[in-house]
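Q: I am attaching a structure below and will ask some questions about it afterwards.
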There are 4 protein chains.
Amino acid sequence: MTIDLEALYIDLHRHPELSFQETRTAGVITRELEALGLEFVEGLGKTGVATVIRNGDGPVVWLRADMDALPVPEQTGLDYASTARGTDPAGLDVPVMHACGHDMHVTAMLGALERLAATRAEWSGTIVAVFQPAEEYGAGAQAMIADGVLDRFPRPDVVLGQHLTPLPAGVIGVRPGTQMAASDGLTVTLLGRGGHGSRPHSTIDPVVMAAATVMRLQTVVSREIDPREMGVVTVGSIHAGLKNNIIPAEAKLELSLRYPDEEARTNILGRVERIIRAEAQASGAEEAPIITVDHSLPPTINDRAATARLTAAFDAAFGDGTVVDPGMFTGSEDVSWFAREAGVPLVYWFWGGVDPQMYADAVSAGTVEKDIPTNHSPFFAPVLHPTIERGVDALVVATREFLEEVSA
Amino acid sequence: MTIDLEALYIDLHRHPELSFQETRTAGVITRELEALGLEFVEGLGKTGVATVIRNGDGPVVWLRADMDALPVPEQTGLDYASTARGTDPAGLDVPVMHACGHDMHVTAMLGALERLAATRAEWSGTIVAVFQPAEEYGAGAQAMIADGVLDRFPRPDVVLGQHLTPLPAGVIGVRPGTQMAASDGLTVTLLGRGGHGSRPHSTIDPVVMAAATVMRLQTVVSREIDPREMGVVTVGSIHAGLKNNIIPAEAKLELSLRYPDEEARTNILGRVERIIRAEAQASGAEEAPIITVDHSLPPTINDRAATARLTAAFDAAFGDGTVVDPGMFTGSEDVSWFAREAGVPLVYWFWGGVDPQMYADAVSAGTVEKDIPTNHSPFFAPVLHPTIERGVDALVVATREFLEEVSA
Amino acid sequence: MTIDLEALYIDLHRHPELSFQETRTAGVITRELEALGLEFVEGLGKTGVATVIRNGDGPVVWLRADMDALPVPEQTGLDYASTARGTDPAGLDVPVMHACGHDMHVTAMLGALERLAATRAEWSGTIVAVFQPAEEYGAGAQAMIADGVLDRFPRPDVVLGQHLTPLPAGVIGVRPGTQMAASDGLTVTLLGRGGHGSRPHSTIDPVVMAAATVMRLQTVVSREIDPREMGVVTVGSIHAGLKNNIIPAEAKLELSLRYPDEEARTNILGRVERIIRAEAQASGAEEAPIITVDHSLPPTINDRAATARLTAAFDAAFGDGTVVDPGMFTGSEDVSWFAREAGVPLVYWFWGGVDPQMYADAVSAGTVEKDIPTNHSPFFAPVLHPTIERGVDALVVATREFLEEVSA
Amino acid sequence: MTIDLEALYIDLHRHPELSFQETRTAGVITRELEALGLEFVEGLGKTGVATVIRNGDGPVVWLRADMDALPVPEQTGLDYASTARGTDPAGLDVPVMHACGHDMHVTAMLGALERLAATRAEWSGTIVAVFQPAEEYGAGAQAMIADGVLDRFPRPDVVLGQHLTPLPAGVIGVRPGTQMAASDGLTVTLLGRGGHGSRPHSTIDPVVMAAATVMRLQTVVSREIDPREMGVVTVGSIHAGLKNNIIPAEAKLELSLRYPDEEARTNILGRVERIIRAEAQASGAEEAPIITVDHSLPPTINDRAATARLTAAFDAAFGDGTVVDPGMFTGSEDVSWFAREAGVPLVYWFWGGVDPQMYADAVSAGTVEKDIPTNHSPFFAPVLHPTIERGVDALVVATREFLEEVSA
């Protein structure tokens, strides 16, 4: 192995970049691709990179890794913890952290490409590797497609991808059918009337309007969704006002909705909008709230046949018990746009990054939810080994499963 | 009159500055004081200025004008509307506006000083004029006192001040006894546990904690304060989270409390703290909220004898019907610190800045609350005349009332 | 004195009756009136009684006492505590208690009538005494007027009345102008859709609708009424559902609104209705809530001249310091209908029933609100003496003040 | 068939009885058992009845039907709609309705017993049929067990039962594993301090405390339970106050919790209690709320082997497509206590009672949730045919499957 993957990971972790701003990350990637002698295109979907290894006849396998980080203040206490800051879309200066493991995704992908390139004699077909920006905005995959990535590279026969998750390092989680939820991201502006903090009666207080709205939105999940069906309504951000003694004129909410399918989407969106509008009326608002759907992600559905094939390959490579069914995840992904647009199967799996002993202890103590930091937590910190190795191996095994083997 | 007060006002209005950052404003003031040939000290309480006119034996009358502006985005549509921005204590870039009329306070004070200086032959005594910073933080008066303003200038026999208000231009409002409420400014940090927006069960959602807290805080006024007693609990700002799909780790609230006296303060603070702590417990928070009282303003109490004297002087000067009892205001002021520290009477009055016809129309239509922008509103826009003139005249009449007259 | 007033009071206290059901109470009253040889009419406004003492020329003074008790479970621990029960308008079997002191009102009135009848030689004029039912429903005065009480008896020149209150026994409280608030009583039915407790998604949960409505109604007082103006929105009862595992189809709320005048009424009713309707919409209710105003009481306004006259008479009779200004009360009364309908002055005063030592101790300890049970409390328990005597004396002094004195 | 099952059903439907008050129902049952010549014991668990058909060697099959009705006001508009009333445990007079179909359960059971008794020649073994009271209180099964039903009758080898459900008539729904949720029924008394409706500041308002509690309880499901896991927190009843102008001293809530297993129970109960206690603290309550768990039902878990056997028997008897997997139900049952106590397998299935055309139309229109009344709805109204017949047939087929067949 030429690339020092540990050093590469640490470097990426120390230099996280927000969505559509992954220029340094893209630079690291293209430097390594150049070193590997691979053909690539950069600037796809603003900051994305795609590369191809053409190696004779055979299937075209697309691999996808996402690159962006999050506005999270790292609290892992690691030597190589991020102290980076960035400017978010609202112009705010924010802390930035690879709190979702995309640094590991990039690392494993580069490791896998090196291995696959070095073993060209053993397989036949074409590999396209896509380094995607802005997964966290749910916008990067569509941006790369809009930039023609599906036309500028051989079209896929199958799309593969993997995501780091708080399972024990070494373990792989995948399930046929719906693997991840669908989701929408909404921005809501509640319009009140500002004034002096001591004269509430001359205002329409948007802080109270926002609070009542947040409380009422809880009832979508608690009362309106079948208890047996997955549904999430998260208000991830709330912002209003600049000073204790000024009642502001408006409040901004950002919502994340999660649901299993298109029918559920219609219902959940309708309920959320109904509540937001009615709560503004309860406040006596003179203008209706402004509700915009910023992005909308389809469910991530693993092709059943391809998943079965992959599971068997993982079992063969890593031993029985390596692959678990992690259940459906309530998180969402835009990876499936590549497969949907191309009309081909997708398999998207998870691999663990938690120290196995720590995980086992937490299971014994019944404290997994509490003690094991999840993606997006400021404490999210995968162990380096065997996480890196398993990530590389999984990608290689999966890719080879869908290429043609060349017998010696 | 040497000073062009309209031009001065418009210049100040165009260049508002946040609390403790009033350096340009202080520069304008000292330029005018120099032009008037008056002795002054600058840098008192960081950016404050005080000046003195010594003119023989007699009482020492202190006049006070405040200088700071607010983080409000001006929406008056005026030619001279502010487009200024500033950096607030949290480091945020914010719009800034003279939404409370302090630009008019400074203008009227400079006009009055010019007139009083020009009429030295008619009176005997000492005038100290204080240009105070950071009234909006409730911190400027104490900062100037801490810098020795009461010792570096002749101590007052009476402290006078005036504030622009949405009464018709020409009208003066003043009442004996409690003229303005006492208040506290609080900052509250609610501590939750962050995580992925799709996994609320692994978090302690501070947005919901904040919303429940805001809703519950309404009950302090609605259920716990005697309906006949004044009380306000305003949550002027609420901030949590940066992204729809990340549940943040904490939420910040800024509160403004208003109440008539010290006993009410104990009660209202106790109730607010009780609710904030209990709502954190309802959320299962692992750490108690952090509650800090940022400032605390006493009630503004007008000395009864001095107020009666002043009212008579205003009636004599401006005609009966000019002075009205505006009732107690729920707003608060730090002007009374000067009188409290010196142990002398205070009179603090209001003067109107609304076009009288517009005011009369709103009264007829019963839409005063709705149509007449109040202090701190982005639409707050006094008419220039006769507001400037009445402000100057009121200060001159009031000051002369407490000085000794020199008969020709 | 023929009537044993202590025994009479204890008998009435032991046998409280709900509004419009005061038949036993009316029987006690007519028995005493007969014993006094007075002319009376019963069954006025269902259970009311009125009597007249005609005694030559002179003013006609109306005195009014109310008779009804409340659905409150007495917890005073008194020997003569009520264990009575009654049937409320909803058909519910409820505990009944004289928790508002109307038993004392009747006792003092009978005592005063006996005294006034016995001293006919000293005065000239006409006394009409009205024993009114259903004050607690705000309906009794109008019911008696509808039954012609103003036509069947000499019309008043002045209307007088008194109410027991938690002031020290001996003290009288009265103020000119608005003495008690105006109020409305509302019934609200929230319409949802019932179903199985385990299937909330197939229902429209009226319990959650009611809870959200109650929380939002707090903001009428906390945000929409000028902090310096009196306003109360109380949800005094909430009822929905019969069983933990059935989501009911509807919820019932009973509201009491308090406000100072007619303009405030329009505002507060409008806000309450706006919130109730919007919260039903937030729930996705298919039918709008049913809102009915059950009764509406005007403010109780004491005639300024008559009150000054009365205050002087009390001072003369009982010594300076007996009469205090108790401030405006947030409670409401229907007594003023008699004066409004007749177009004559009203004076309505309060007299204390609390042990003076207990009151003084609570004042010292700052625990008046907590330690002194108020009207409507299950612990409301006036001391018998001098409460009875002062009640009789006050009525006699007040009546004589407005009659003509006959010099010996 | 001797018994007129339609007439029997209509009679039972017209005469519903609340839990533990099913005396008339028990009388109808014993009358029919006597007519069938069957041995029985009554008064088991207060009002329960059990009967046995001993018929040679072979397995002992227990069949269970529940008998009680609900405090629901029937709104079906049927000729035979209930107008019955009953007295609930709180002493309240309430409407009563068979809104859960237990009248159909009894009808089908009697029909099946008649058929099984008439076909004794074809099978060998023992049948015990249990008519259980008070399923709706979750208390009847344990009451019968406490009265020795498991010892006074041959102990079961298998326990079978069925429940009417809003599936199309003819359809049977059953699934292996967890068929119905576990649940708890809680009563909560929130302790405040009562007083006059116009003086909220002298009270601790339990109505607001209750409303805040209900709103906060929504967050248990919306924020604290994994979105992929079933959980329900229903506040099925809320009661406080008797009059708009009295703030009551306490409020009563009844809660129904639903969850899949014992671990979930610990979590959900802990969260509910935490919120209830904290909200009382937020109100400044001087006494902690009183929380009692009235009953606790285990999950209803269908034995996998027995369910497979039954499904095959139903398929054979009724044709493929008759049996569907209805998913896990969020409702709960106490039927499993019989199997748990005896340590034997349970199979509990559902059968449909909805007009198939109406059901098909609702499916087409996407309005099943809205148009098809569910159990506990005031509109719950099974079609008589083929509901009765399928109920009888299903019980007979199931029972015969677990008995020994006797070849002719």
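Order determines the names: the first chain of the structure tokens is A, the second B, and so forth; residues in each chain are numbered 1 upward, and ligands are numbered 1 upward as they are shown.
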Taking only residues of range 101-123 of chain A that have an atom at most 7 Å from an atom of range 49-73 of chain A, what is each one's shortest atom pair and its distance in Å to one decimal, using only C-alpha atoms, in chain and number order, as JSON lines?

A:
{"residue": "A:His102", "atom": "CA", "partner": "A:Met67", "partner_atom": "CA", "distance": 5.2}
{"residue": "A:Asp103", "atom": "CA", "partner": "A:Met67", "partner_atom": "CA", "distance": 6.5}
{"residue": "A:His105", "atom": "CA", "partner": "A:Ala65", "partner_atom": "CA", "distance": 5.5}
{"residue": "A:Val106", "atom": "CA", "partner": "A:Ala65", "partner_atom": "CA", "distance": 5.8}
{"residue": "A:Met109", "atom": "CA", "partner": "A:Ala65", "partner_atom": "CA", "distance": 6.7}
{"residue": "A:Arg120", "atom": "CA", "partner": "A:Asn55", "partner_atom": "CA", "distance": 6.9}

Q: Identify, with DSSP run on backbone atoms, the residues in range 142-256 of chain A assigned to strand (DSSP E or B), and express the list as a PyMOL selection string.

A: chain A and resi 158-168+172-173+177-180+182-191+193+195-196+204+232-240+246-247+250-256

Q: Ranking A:Glu369, A:Asp393, A:Glu34, A:Asp325 by minimum distance to chain B and counting only C-alpha atoms, which one comes first?

A: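 Ranked by minimum distance to chain B, first place goes to A:Glu369.
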
Q: Counting only C-alpha atoms, which residues from chain C have an atom at most 8 Å from any atom of chain A, and could you show them as a count of residues only?

A: 24

Q: Quick one: residues within 9 Å of range 29-32 of chain A, only C-alpha atoms, excluding same-chain residues fewer than 4 positions away - as a count of residues only?

A: 13

Q: List every residue of range 255-358 of chain C that has an atom at most 7 Å from any atom of range 229-240 of chain C, and for each one report the closest atom pair and its distance in Å to one decimal, counting only C-alpha atoms, with rows sorted by chain and then by increasing residue number, as CSV.

A:
residue,atom,partner,partner_atom,distance
C:Leu255,CA,C:Val235,CA,4.4
C:Ser256,CA,C:Thr234,CA,5.1
C:Leu257,CA,C:Val233,CA,4.8
C:Arg258,CA,C:Val232,CA,4.8
C:Tyr259,CA,C:Gly231,CA,4.8
C:Pro260,CA,C:Met230,CA,6.5

Q: Near Val159 in chain B, within 12 Å and counting only C-alpha atoms, which residues show up once chain neighbours fewer than 2 positions away are dropped, as a ChimeraX atom specification?

A: /B:59-65,127-130,150,155-157,161-162,300-303,306-307,335-349,395,398-399,402

Q: Which is closer to Gly353 in chain A than all the others in A:His163, A:His376, A:His196, A:Arg175, using only C-alpha atoms?

A: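 Using only C-alpha atoms, Gly353 in chain A sits closest to A:His163.
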
Q: What are the DSSP helix (DSSP H, G or I) residues of range 115-179 of chain A, as a PyMOL selection string?

A: chain A and resi 115-118+120-122+140-146+149-152

Q: List the neighbours of Glu74 in chain C out to 10 Å using only C-alpha atoms; skip same-chain residues closer than 4 positions along the sequence, and give me the result as a list in words.

A: Leu70, Leu78, Ala81, Ser82, Thr83, Ala84, Pro95, Val96, Met97, His98, Ala99, His376, Ser377, Pro378, Phe379, Phe380 and Ala381 of chain C

Q: Selected residues, N, CA and C atoms, written as a PDB file, in the first residue's frame, please.

A:
ATOM      1  N   LEU C  70     -71.486  27.215  46.764  1.00  0.00           N
ATOM      2  CA  LEU C  70     -70.626  26.790  45.660  1.00  0.00           C
ATOM      3  C   LEU C  70     -70.321  25.288  45.700  1.00  0.00           C
ATOM      4  N   LEU C  78     -64.193  22.911  60.685  1.00  0.00           N
ATOM      5  CA  LEU C  78     -65.093  23.491  61.678  1.00  0.00           C
ATOM      6  C   LEU C  78     -66.128  22.463  62.158  1.00  0.00           C
ATOM      7  N   ALA C  81     -68.910  22.588  59.811  1.00  0.00           N
ATOM      8  CA  ALA C  81     -68.545  22.505  58.388  1.00  0.00           C
ATOM      9  C   ALA C  81     -69.642  21.802  57.606  1.00  0.00           C
ATOM     10  N   SER C  82     -69.774  22.185  56.374  1.00  0.00           N
ATOM     11  CA  SER C  82     -70.797  21.594  55.530  1.00  0.00           C
ATOM     12  C   SER C  82     -70.392  20.202  55.065  1.00  0.00           C
ATOM     13  N   THR C  83     -71.357  19.309  55.077  1.00  0.00           N
ATOM     14  CA  THR C  83     -71.158  18.005  54.431  1.00  0.00           C
ATOM     15  C   THR C  83     -72.205  17.827  53.334  1.00  0.00           C
ATOM     16  N   ALA C  84     -72.812  18.943  52.971  1.00  0.00           N
ATOM     17  CA  ALA C  84     -73.914  18.882  52.009  1.00  0.00           C
ATOM     18  C   ALA C  84     -73.420  18.538  50.605  1.00  0.00           C
ATOM     19  N   PRO C  95     -70.065  18.237  46.070  1.00  0.00           N
ATOM     20  CA  PRO C  95     -70.091  18.791  47.421  1.00  0.00           C
ATOM     21  C   PRO C  95     -70.496  20.266  47.337  1.00  0.00           C
ATOM     22  N   VAL C  96     -71.119  20.769  48.380  1.00  0.00           N
ATOM     23  CA  VAL C  96     -71.555  22.167  48.380  1.00  0.00           C
ATOM     24  C   VAL C  96     -71.083  22.850  49.657  1.00  0.00           C
ATOM     25  N   MET C  97     -70.625  24.087  49.508  1.00  0.00           N
ATOM     26  CA  MET C  97     -70.106  24.839  50.651  1.00  0.00           C
ATOM     27  C   MET C  97     -70.375  26.329  50.467  1.00  0.00           C
ATOM     28  N   HIS C  98     -70.655  26.996  51.577  1.00  0.00           N
ATOM     29  CA  HIS C  98     -70.706  28.454  51.546  1.00  0.00           C
ATOM     30  C   HIS C  98     -69.265  28.970  51.576  1.00  0.00           C
ATOM     31  N   ALA C  99     -68.574  28.853  50.442  1.00  0.00           N
ATOM     32  CA  ALA C  99     -67.157  29.226  50.371  1.00  0.00           C
ATOM     33  C   ALA C  99     -66.986  30.681  49.976  1.00  0.00           C
ATOM     34  N   HIS C 376     -63.974  31.367  47.903  1.00  0.00           N
ATOM     35  CA  HIS C 376     -63.991  30.190  47.000  1.00  0.00           C
ATOM     36  C   HIS C 376     -62.999  29.115  47.426  1.00  0.00           C
ATOM     37  N   SER C 377     -62.193  29.387  48.438  1.00  0.00           N
ATOM     38  CA  SER C 377     -61.282  28.358  48.934  1.00  0.00           C
ATOM     39  C   SER C 377     -62.058  27.382  49.822  1.00  0.00           C
ATOM     40  N   PRO C 378     -61.685  26.100  49.803  1.00  0.00           N
ATOM     41  CA  PRO C 378     -62.325  25.133  50.713  1.00  0.00           C
ATOM     42  C   PRO C 378     -62.011  25.435  52.177  1.00  0.00           C
ATOM     43  N   PHE C 379     -61.077  26.357  52.429  1.00  0.00           N
ATOM     44  CA  PHE C 379     -60.695  26.693  53.804  1.00  0.00           C
ATOM     45  C   PHE C 379     -61.285  28.031  54.254  1.00  0.00           C
ATOM     46  N   PHE C 380     -62.115  28.647  53.414  1.00  0.00           N
ATOM     47  CA  PHE C 380     -62.697  29.949  53.729  1.00  0.00           C
ATOM     48  C   PHE C 380     -63.582  29.843  54.980  1.00  0.00           C
ATOM     49  N   ALA C 381     -63.222  30.556  56.054  1.00  0.00           N
ATOM     50  CA  ALA C 381     -63.919  30.383  57.334  1.00  0.00           C
ATOM     51  C   ALA C 381     -63.861  31.666  58.140  1.00  0.00           C
TER      52      ALA C 381
END

Q: If I take CA of Ala121 in chain D and CA of Glu39 in chain D, how far is one from the other in Å, to one decimal?

A: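 So the answer is 18.4 Å.
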
Q: Of the candidates B:Pro289, B:Pro168, B:Gly270, B:Gly125, which one gets nearest to Gly192 in chain B if we count only C-alpha atoms?

A: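 Closest to Gly192 in chain B of all the choices is B:Pro289.
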
Q: Give me, please, the distance in Å between CA of Glu22 in chain A and CA of Thr47 in chain A, quoted to one decimal.

A: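 Rounded to one decimal, the two atoms are 5.9 Å apart.
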